$ cat model.cif   # mmCIF, C-alpha atoms
data_entry
loop_
_atom_site.group_PDB
_atom_site.id
_atom_site.type_symbol
_atom_site.label_atom_id
_atom_site.label_comp_id
_atom_site.auth_asym_id
_atom_site.auth_seq_id
_atom_site.Cartn_x
_atom_site.Cartn_y
_atom_site.Cartn_z
ATOM 1 C CA MET W 22 -5.506 -12.733 -5.075
ATOM 2 C CA LEU W 23 -2.961 -10.461 -6.663
ATOM 3 C CA SER W 24 0.006 -12.787 -7.034
ATOM 4 C CA LEU W 25 1.062 -16.299 -7.954
ATOM 5 C CA LEU W 26 1.923 -18.043 -4.698
ATOM 6 C CA LEU W 27 4.347 -20.548 -6.192
ATOM 7 C CA HIS W 28 6.380 -17.967 -8.099
ATOM 8 C CA GLY W 29 5.771 -14.856 -5.980
ATOM 9 C CA CYS W 30 4.967 -12.736 -9.053
ATOM 10 C CA TRP W 31 2.171 -10.253 -9.727
ATOM 11 C CA LEU W 32 -0.730 -11.428 -11.840
ATOM 12 C CA GLU W 33 -0.624 -9.469 -15.092
ATOM 13 C CA ILE W 34 -3.494 -7.922 -17.056
ATOM 14 C CA TYR W 35 -4.286 -9.854 -20.237
ATOM 15 C CA CYS W 36 -5.943 -8.199 -23.234
ATOM 16 C CA GLY W 37 -7.050 -10.190 -26.229
ATOM 17 C CA VAL W 38 -8.688 -13.377 -27.350
ATOM 18 C CA PRO W 39 -7.861 -16.825 -25.950
ATOM 19 C CA GLY W 40 -4.725 -18.279 -27.492
ATOM 20 C CA ARG W 41 -3.218 -14.926 -28.484
ATOM 21 C CA PHE W 42 -1.197 -13.240 -25.781
ATOM 22 C CA VAL W 43 -0.902 -9.453 -25.845
ATOM 23 C CA TRP W 44 0.726 -7.795 -22.827
ATOM 24 C CA GLU W 45 0.011 -4.210 -21.818
ATOM 25 C CA LYS W 46 3.704 -3.460 -21.431
ATOM 26 C CA ALA W 47 6.546 -4.512 -23.683
ATOM 27 C CA ASP W 48 8.699 -5.913 -20.849
ATOM 28 C CA THR W 49 7.389 -9.433 -20.207
ATOM 29 C CA ALA W 50 9.695 -10.176 -17.271
ATOM 30 C CA PRO W 51 7.604 -11.065 -14.211
ATOM 31 C CA CYS W 52 7.282 -8.444 -11.477
ATOM 32 C CA THR W 53 7.876 -9.692 -7.945
ATOM 33 C CA ALA W 54 4.981 -9.119 -5.545
ATOM 34 C CA SER W 55 5.699 -7.264 -2.322
ATOM 35 C CA ASP W 56 6.057 -9.229 0.900
ATOM 36 C CA ALA W 57 2.798 -7.793 2.278
ATOM 37 C CA ILE W 58 0.832 -8.860 -0.821
ATOM 38 C CA ALA W 59 2.430 -12.301 -0.724
ATOM 39 C CA VAL W 60 1.429 -12.780 2.943
ATOM 40 C CA ILE W 61 -2.184 -11.703 2.332
ATOM 41 C CA ASP W 62 -2.410 -13.960 -0.717
ATOM 42 C CA GLN W 63 -0.974 -16.901 1.248
ATOM 43 C CA HIS W 64 -3.578 -16.348 3.965
ATOM 44 C CA THR W 65 -6.354 -16.085 1.371
ATOM 45 C CA TRP W 66 -5.228 -19.330 -0.269
ATOM 46 C CA GLN W 67 -5.106 -20.984 3.144
ATOM 47 C CA ALA W 68 -8.686 -19.818 3.808
ATOM 48 C CA LEU W 69 -9.848 -21.254 0.485
ATOM 49 C CA LYS W 70 -7.960 -24.523 0.859
ATOM 50 C CA ILE W 71 -8.464 -25.519 4.509
ATOM 51 C CA GLY W 72 -11.192 -23.190 5.766
ATOM 52 C CA HIS W 73 -9.187 -21.150 8.253
ATOM 53 C CA VAL W 74 -6.211 -18.810 8.452
ATOM 54 C CA GLU W 75 -3.373 -19.052 10.962
ATOM 55 C CA VAL W 76 -2.353 -15.554 12.033
ATOM 56 C CA PRO W 77 -0.133 -14.652 14.996
ATOM 57 C CA ARG W 78 -1.728 -15.823 18.250
ATOM 58 C CA ARG W 79 -4.947 -17.196 16.737
ATOM 59 C CA ARG W 80 -6.836 -19.069 14.045
ATOM 60 C CA ILE W 81 -9.465 -17.208 12.006
ATOM 61 C CA HIS W 82 -12.318 -18.962 10.184
ATOM 62 C CA ALA W 83 -12.349 -18.413 6.401
ATOM 63 C CA VAL W 84 -15.684 -16.570 6.512
ATOM 64 C CA LEU W 85 -14.281 -14.030 8.969
ATOM 65 C CA TRP W 86 -11.107 -13.654 6.870
ATOM 66 C CA PHE W 87 -13.130 -12.818 3.747
ATOM 67 C CA ARG W 88 -15.322 -10.391 5.711
ATOM 68 C CA LEU W 89 -12.172 -8.660 6.967
ATOM 69 C CA LEU W 90 -10.825 -8.405 3.416
ATOM 70 C CA ARG W 91 -14.136 -7.016 2.162
ATOM 71 C CA THR W 92 -14.203 -4.452 4.985
ATOM 72 C CA LEU W 93 -10.638 -3.428 4.216
ATOM 73 C CA LEU W 94 -11.445 -2.967 0.524
ATOM 74 C CA ASP W 95 -14.559 -0.948 1.390
ATOM 75 C CA GLU W 96 -12.492 1.306 3.656
ATOM 76 C CA LEU W 97 -9.786 1.771 1.032
ATOM 77 C CA ASN W 98 -12.330 2.681 -1.640
ATOM 78 C CA THR W 99 -14.350 5.116 0.486
ATOM 79 C CA MET W 100 -13.539 8.769 -0.213
ATOM 80 C CA LEU W 101 -13.134 10.914 2.877
ATOM 81 C CA SER W 102 -15.577 13.414 1.393
ATOM 82 C CA ALA W 103 -18.264 10.701 1.523
ATOM 83 C CA CYS W 104 -17.718 10.235 5.267
ATOM 84 C CA GLY W 105 -19.001 13.658 6.271
ATOM 85 C CA THR W 106 -18.264 14.559 9.887
ATOM 86 C CA TYR W 107 -16.583 11.172 10.478
ATOM 87 C CA ALA W 108 -13.775 11.857 7.977
ATOM 88 C CA GLY W 109 -11.478 13.125 10.744
ATOM 89 C CA TYR W 110 -11.959 9.945 12.756
ATOM 90 C CA LEU W 111 -11.293 7.776 9.721
ATOM 91 C CA ARG W 112 -8.105 9.720 8.968
ATOM 92 C CA GLN W 113 -6.909 9.182 12.566
ATOM 93 C CA VAL W 114 -7.580 5.439 12.326
ATOM 94 C CA TRP W 115 -5.629 5.080 9.070
ATOM 95 C CA GLU W 116 -2.706 7.154 10.370
ATOM 96 C CA GLY W 117 -2.589 4.934 13.466
ATOM 97 C CA LEU W 118 -2.698 1.840 11.288
ATOM 98 C CA ARG W 119 0.378 2.955 9.358
ATOM 99 C CA VAL W 120 2.412 2.648 12.534
ATOM 100 C CA SER W 121 0.876 -0.638 13.653
ATOM 101 C CA ALA W 122 1.055 -2.140 10.137
ATOM 102 C CA ALA W 123 4.833 -1.948 10.219
ATOM 103 C CA CYS W 124 4.860 -3.804 13.556
ATOM 104 C CA TRP W 125 2.366 -6.380 12.234
ATOM 105 C CA ALA W 126 4.439 -6.979 9.091
ATOM 106 C CA LYS W 127 7.513 -7.666 11.221
ATOM 107 C CA SER W 128 5.603 -10.136 13.418
ATOM 108 C CA VAL W 129 4.137 -11.949 10.391
ATOM 109 C CA ALA W 130 7.564 -12.206 8.765
ATOM 110 C CA THR W 131 8.922 -14.010 11.816
ATOM 111 C CA VAL W 132 6.100 -16.581 11.881
#
$ encode --input "model.cif" --output "structure tokens"
Amino acid sequence: MLSLLLHGCWLEIYCGVPGRFVWEKADTAPCTASDAIAVIDQHTWQALKIGHVEVPRRRIHAVLWFRLLRTLLDELNTMLSACGTYAGYLRQVWEGLRVSAACWAKSVATV
């Protein structure tokens, strides 16, 4: 999880020993997490707490939700040069997802 659900703020990086707080940046005002991050974190918390996630039109078991997150992270961290001849296909998938992600974000916001 990247944010605090109750406050809607990003989790910050902490450097130091327990009991002594040293922030990486001088401005200690909390940064608001984006709506997309907040939705994913709410779903992840729901998976941890009750064992399933309610997404538009269906319920997903927590195990499947975490597999989907792991797959997404693997895809995001894979360099196109490591994909060989499939790099073009992967690029097409991600470009198509940019369009559908905007539609998905609108549908999630209305739920």
$ resolve_selection --input "model.cif" --expression "the PyMOL selection byres ((chain W and resi 52) around 9)" --output "list in words"
Gly29, Cys30, Trp31, Leu32, Glu33, Thr49, Ala50, Pro51, Thr53 and Ala54 of chain W
$ write_last_selection --input "model.cif" --atoms "C-alpha atoms" --output "tab-separated table (two decimals), in the frame of the given file"
chain	number	residue	atom	x	y	z
W	29	GLY	CA	5.77	-14.86	-5.98
W	30	CYS	CA	4.97	-12.74	-9.05
W	31	TRP	CA	2.17	-10.25	-9.73
W	32	LEU	CA	-0.73	-11.43	-11.84
W	33	GLU	CA	-0.62	-9.47	-15.09
W	49	THR	CA	7.39	-9.43	-20.21
W	50	ALA	CA	9.70	-10.18	-17.27
W	51	PRO	CA	7.60	-11.06	-14.21
W	53	THR	CA	7.88	-9.69	-7.94
W	54	ALA	CA	4.98	-9.12	-5.54
$ atom_distance --input "model.cif" --atom1 "CA of His28 in chain W" --atom2 "CA of Thr92 in chain W"
27.9 Å
$ atom_distance --input "model.cif" --atom1 "CA of Arg78 in chain W" --atom2 "CA of Glu96 in chain W"
24.9 Å
$ residues_around --input "model.cif" --residues "Glu75 in chain W" --least-positions-apart "2" --cutoff "12 Å" --atoms "only C-alpha atoms" --output "ChimeraX atom specification"
/W:60-61,63-68,71-73,77-83,86,129,132
$ closest_residue --input "model.cif" --among "W:Tyr110, W:Ser24, W:Val84, W:Val38" --to "Ala57 in chain W" --atoms "only C-alpha atoms"
W:Ser24
$ atom_distance --input "model.cif" --atom1 "CA of Ser55 in chain W" --atom2 "CA of Val76 in chain W"
18.4 Å
$ build_atoms --input "model.cif" --residues "range 57-77 of chain W" --atoms "N, CA and C atoms" --output "PDB file, in the coordinates of the input"
ATOM      1  N   ALA W  57       4.131  -7.947   1.676  1.00  0.00           N
ATOM      2  CA  ALA W  57       2.798  -7.793   2.278  1.00  0.00           C
ATOM      3  C   ALA W  57       1.730  -8.450   1.409  1.00  0.00           C
ATOM      4  N   ILE W  58       1.795  -8.243   0.094  1.00  0.00           N
ATOM      5  CA  ILE W  58       0.832  -8.860  -0.821  1.00  0.00           C
ATOM      6  C   ILE W  58       0.973 -10.372  -0.789  1.00  0.00           C
ATOM      7  N   ALA W  59       2.202 -10.853  -0.762  1.00  0.00           N
ATOM      8  CA  ALA W  59       2.430 -12.301  -0.724  1.00  0.00           C
ATOM      9  C   ALA W  59       1.837 -12.919   0.538  1.00  0.00           C
ATOM     10  N   VAL W  60       1.971 -12.257   1.680  1.00  0.00           N
ATOM     11  CA  VAL W  60       1.429 -12.780   2.943  1.00  0.00           C
ATOM     12  C   VAL W  60      -0.093 -12.814   2.889  1.00  0.00           C
ATOM     13  N   ILE W  61      -0.714 -11.733   2.413  1.00  0.00           N
ATOM     14  CA  ILE W  61      -2.184 -11.703   2.332  1.00  0.00           C
ATOM     15  C   ILE W  61      -2.680 -12.769   1.366  1.00  0.00           C
ATOM     16  N   ASP W  62      -2.001 -12.934   0.242  1.00  0.00           N
ATOM     17  CA  ASP W  62      -2.410 -13.960  -0.717  1.00  0.00           C
ATOM     18  C   ASP W  62      -2.230 -15.370  -0.147  1.00  0.00           C
ATOM     19  N   GLN W  63      -1.165 -15.589   0.613  1.00  0.00           N
ATOM     20  CA  GLN W  63      -0.974 -16.901   1.248  1.00  0.00           C
ATOM     21  C   GLN W  63      -2.095 -17.175   2.252  1.00  0.00           C
ATOM     22  N   HIS W  64      -2.471 -16.170   3.018  1.00  0.00           N
ATOM     23  CA  HIS W  64      -3.578 -16.348   3.965  1.00  0.00           C
ATOM     24  C   HIS W  64      -4.889 -16.607   3.241  1.00  0.00           C
ATOM     25  N   THR W  65      -5.121 -15.887   2.136  1.00  0.00           N
ATOM     26  CA  THR W  65      -6.354 -16.085   1.371  1.00  0.00           C
ATOM     27  C   THR W  65      -6.395 -17.489   0.777  1.00  0.00           C
ATOM     28  N   TRP W  66      -5.281 -17.968   0.263  1.00  0.00           N
ATOM     29  CA  TRP W  66      -5.228 -19.330  -0.269  1.00  0.00           C
ATOM     30  C   TRP W  66      -5.469 -20.346   0.842  1.00  0.00           C
ATOM     31  N   GLN W  67      -4.899 -20.092   2.002  1.00  0.00           N
ATOM     32  CA  GLN W  67      -5.106 -20.984   3.144  1.00  0.00           C
ATOM     33  C   GLN W  67      -6.588 -21.017   3.531  1.00  0.00           C
ATOM     34  N   ALA W  68      -7.256 -19.866   3.501  1.00  0.00           N
ATOM     35  CA  ALA W  68      -8.686 -19.818   3.808  1.00  0.00           C
ATOM     36  C   ALA W  68      -9.486 -20.624   2.796  1.00  0.00           C
ATOM     37  N   LEU W  69      -9.146 -20.496   1.522  1.00  0.00           N
ATOM     38  CA  LEU W  69      -9.848 -21.254   0.485  1.00  0.00           C
ATOM     39  C   LEU W  69      -9.588 -22.756   0.594  1.00  0.00           C
ATOM     40  N   LYS W  70      -8.352 -23.116   0.892  1.00  0.00           N
ATOM     41  CA  LYS W  70      -7.960 -24.523   0.859  1.00  0.00           C
ATOM     42  C   LYS W  70      -8.388 -25.304   2.093  1.00  0.00           C
ATOM     43  N   ILE W  71      -8.178 -24.738   3.298  1.00  0.00           N
ATOM     44  CA  ILE W  71      -8.464 -25.519   4.509  1.00  0.00           C
ATOM     45  C   ILE W  71      -9.541 -24.913   5.401  1.00  0.00           C
ATOM     46  N   GLY W  72     -10.053 -23.739   5.033  1.00  0.00           N
ATOM     47  CA  GLY W  72     -11.192 -23.190   5.766  1.00  0.00           C
ATOM     48  C   GLY W  72     -10.853 -22.313   6.951  1.00  0.00           C
ATOM     49  N   HIS W  73      -9.585 -22.082   7.199  1.00  0.00           N
ATOM     50  CA  HIS W  73      -9.187 -21.150   8.253  1.00  0.00           C
ATOM     51  C   HIS W  73      -7.814 -20.565   7.929  1.00  0.00           C
ATOM     52  N   VAL W  74      -7.481 -19.503   8.657  1.00  0.00           N
ATOM     53  CA  VAL W  74      -6.211 -18.810   8.452  1.00  0.00           C
ATOM     54  C   VAL W  74      -5.479 -18.753   9.783  1.00  0.00           C
ATOM     55  N   GLU W  75      -4.209 -19.139   9.761  1.00  0.00           N
ATOM     56  CA  GLU W  75      -3.373 -19.052  10.962  1.00  0.00           C
ATOM     57  C   GLU W  75      -2.655 -17.706  10.951  1.00  0.00           C
ATOM     58  N   VAL W  76      -3.028 -16.834  11.865  1.00  0.00           N
ATOM     59  CA  VAL W  76      -2.353 -15.554  12.033  1.00  0.00           C
ATOM     60  C   VAL W  76      -1.702 -15.564  13.413  1.00  0.00           C
ATOM     61  N   PRO W  77      -0.790 -14.627  13.682  1.00  0.00           N
ATOM     62  CA  PRO W  77      -0.133 -14.652  14.996  1.00  0.00           C
ATOM     63  C   PRO W  77      -1.137 -14.685  16.152  1.00  0.00           C
TER      64      PRO W  77
END
